[in-house]
Every structure is written in C-alpha cells, then in structure tokens.
Amino acid sequence: MMKTLFPKIILLALITLFAASPLFAQNGDVEQERAKTLSAAKYLKSIYKTDEAIEKLSSLVKPDSFDEEVMSELADCHFQSGDYETAAGTYFLLSSRVPDNILYKIRQMQTFSRMEAWPQSIQAGREVLRLDSIPAVLSSMGDSFQRMNQPDSALLYYKQSLALKPQNANVVSKAANVLLGKEDFDGAIALTDAFLANDPDNMAIAPIKGLACFRKNDFDAAIDVFQRQEDIGNDSYPIHYYLGQSYWHTDVTYRAEQELVKAWQIDSSDVKLAYSIAAVKQEARRSFEDEVIPWLDKALDMLQPDAGMMSRIHQQYAVGYYGRRDTWNKAIAHYKEAYRYNPKFISALQMIAYCYEQQKDYKHALEYYEKFLKVAKPGTSNYEFATKSIAFLKSELFMEGKE
C-alpha cells in the first residue's frame, strides 16, 4: 500500500501543479545548463546509475515551474531503481498535469502492479481505457483481477484483450487456465481451438487443450493432442505424463508405461508418478519382484518423513501431555512414536515406564524400565532411578500376587 505522504520531491512538484505555472521556459545560459544536466541524467539512467541521475534531475526541479520532461525522467528513474512508491506519486503528478498522455497512465498502472496494489492498478488501467483500447492494458487488468482471486472479472478482460488481438498466445493461455480452474473444459477447448485454427501445433496452447480433454475424461482426444506434440518434438514433462496417463485410461498399458517412464526421466519428484509406473507395470504383467517392487519402493521412500524431525515432534507432544492425570496415555503414545522414529532416544523408554507407573499399571511400567536398563549406561542417575523403580514395582506386584 502507498504511504499517505509522498516524498519531498513529489510534494514540491504537487505544489507547482496547482500553481498553474507555465511549463519550464528558460533562456540563454540557464537553458543550456538545463539541457546539459538533463542529457547527463539520461546517460546515467541508461547505464543504471539511477541514484546519480535522480540527484541531477532533482536539481532541475524548481518551485515556480513544472518541467514535464524532467519529471518524466525522474519517474522513470524511481521506477528503474525499484522505488515504486515515489514513481507512482510522480506518474500521478504527470498524469494529472497532462491528462491526455496515455503513457503516464500506463506507467502508473505498471507501477501499482509492481507494488501489488491491484485495485489501484486496475483503476489506472481504466483511466487508460477511457482514452484508448489497448490489448496489453486489458490483459494486465485481467492479471490484477486474477491476483485478487476474481477469475470471472479476469476472464472478462482477457476476452476483451483477445477480441482485439486474438492470436496472443500468452493471453489465450491465461484465459484458458482460468476456464480450467472453473472446470469449464468445453470453454477451454473452444478457446484453444480458435487459436489453434491458425497455429495448430503451437507448443504453448495445444497442451492446454490436451489437458482440458484429459480432465474432461475424453482420453482419446487428449491422446491425439499430446501424441502430435510429442511427434513434432515437444519433449516436456507434461506431454509424456498426460500422454502416459491417457494411454493408461484407454488400457494401452505398454504405451502408458513408455510415456510415464519418459516423464520420470525428466522429473523424478512426483510420488504419484512412481506409483503410476508401478501400477502400469503390474497391469502389464511385468515381473513383480524385478520391475514392480522397485517402483513401489521408490514411491514408499518418497513418502517417508524425516525420522529425526518426526521424533522431535512426537517428543513435544509427549512433553505437553506428560504430567496430566487424564493424558498419561497420550504421553505414552507419543513417547513410543518418538522412540520408534529415533531408537537412540532411550530416555523415552524411562518416560514411558514412569507414565505407566503413575497410572499404577505396574506390569507395563516394569517392562519398560527393564527395556531402558538394557540400553542405559550403568552408574548414571537415570540408571539408578530405574533400578530403584524396578525394585519398588516388583515388590508391589508381589504384594498384589502378580509377580
């Protein structure tokens, strides 16, 4: 969000805005000095020395005049340096003083977009559209609505952009993905078909149509799209993955296996893909031991959590439940899990035994104290505590006739 106060340089310029002073007009040496300074600032901006350029340009800002060219260069410098707040203020000033200049309004829209101030970016875009219908501005407004989680409005502006420039693959892709998100698969297919009529093998748009067909469960149509993409050299992960899945759904298991393995060779990070390959191989009656199990093992390994972290998480659960009369069993369960994930955490055995002892479940308490002594170091305080506890428990069990 923009701050309430603009930087001083913008405040100074705003004063000149309402003073109705004439545009910068100087004569002789002053004009020559201005031209020299302005030229130097533009050069500094061109080599990305924006701080030095801003310093020179600021020296040309006068309280009794408004120099549009200087302010425009200042705005560009602030934008280039990433000071979007100041840039936005400067473009606001320029747009207010020169309201018919579309460029300033577009720059203002772009600046708000960089600030992720989506409503302000949309408003600036609307100001542009009052003057001219520009496809890129309509697309940018669609992007802003999409970032605001308003897909219907985003789609409206994407379609307006495409009405002016129908073969813009980037906008078609955005609009089609909105339709996919809305599960309007027929709409996505119609939109991509309109584009593909003039560019049937486009590697950005054709796969989106294929995905729409796949999600519509029209697997034969999906195969037609993805197979054509593979044939013309599209060797990307989604092509092989969805082609493999489509062949699997149509019971062409040998082709499904080929394509899914190709996808794995590109990206081996998806546990669902590993499982799919195992399942396809099993359906194809491959050797269970030699071909299916290795893929199931890959999937299982990918699902295994970090043992150390899991142990620590369960320890924290156990600590929270420990000491409460009504939650001893919960503490025991979490200590057992902590020990299972980390067998070196032998203190868990003693804590489990103690929890059982507090519940007067002496039999299980004795069992875990004895497990603890088998792995604990003799002579330590915990070892001695467990030894005394075992003696006490055995006497109690004897008295109860359970020893």
# chains A, B, ... in the order shown; residues from 1 in each chain; ligands from 1
$ closest_atom_pairs --of "segment 78-152 of chain A" --to "segment 179-185 of chain A" --cutoff "12 Å" --atoms "only C-alpha atoms" --output "JSON lines"
{"residue": "A:Gln146", "atom": "CA", "partner": "A:Gly181", "partner_atom": "CA", "distance": 11.3}
{"residue": "A:Asn149", "atom": "CA", "partner": "A:Gly181", "partner_atom": "CA", "distance": 11.3}
{"residue": "A:Gln150", "atom": "CA", "partner": "A:Lys182", "partner_atom": "CA", "distance": 11.4}
{"residue": "A:Pro151", "atom": "CA", "partner": "A:Lys182", "partner_atom": "CA", "distance": 8.3}
{"residue": "A:Asp152", "atom": "CA", "partner": "A:Lys182", "partner_atom": "CA", "distance": 9.1}
$ select_by_dssp --residues "segment 216-318 of chain A" --states "helix (DSSP H, G or I)" --output "MDAnalysis selection string"
chainID A and resid 219:231 237:249 253:266 271:283 288:303 307:318
$ residues_around --residues "Leu162 of chain A" --least-positions-apart "2" --cutoff "12 Å" --atoms "only C-alpha atoms" --output "MDAnalysis selection string"
chainID A and resid 133:139 142 155:160 164:176 191:192 194:195
$ residues_around --residues "Lys360 of chain A" --least-positions-apart "6" --cutoff "10 Å" --atoms "only C-alpha atoms" --output "ChimeraX atom specification"
/A:354,393,396
$ write_last_selection --atoms "C-alpha atoms" --output "mmCIF file, in the first residue's frame"
data_model
loop_
_atom_site.group_PDB
_atom_site.id
_atom_site.type_symbol
_atom_site.label_atom_id
_atom_site.label_comp_id
_atom_site.auth_asym_id
_atom_site.auth_seq_id
_atom_site.Cartn_x
_atom_site.Cartn_y
_atom_site.Cartn_z
ATOM 1 C CA TYR A 354 7.146 -43.664 34.559
ATOM 2 C CA LEU A 393 7.458 -52.324 41.206
ATOM 3 C CA GLU A 396 4.160 -54.066 44.586
#
$ closest_residue --among "A:Ala163, A:Val261, A:Ala348, A:Ala307" --to "Lys336 of chain A" --atoms "only C-alpha atoms"
A:Ala348
$ atom_distance --atom1 "atom CA of Cys77 of chain A" --atom2 "atom CA of Arg107 of chain A"
12.1 Å
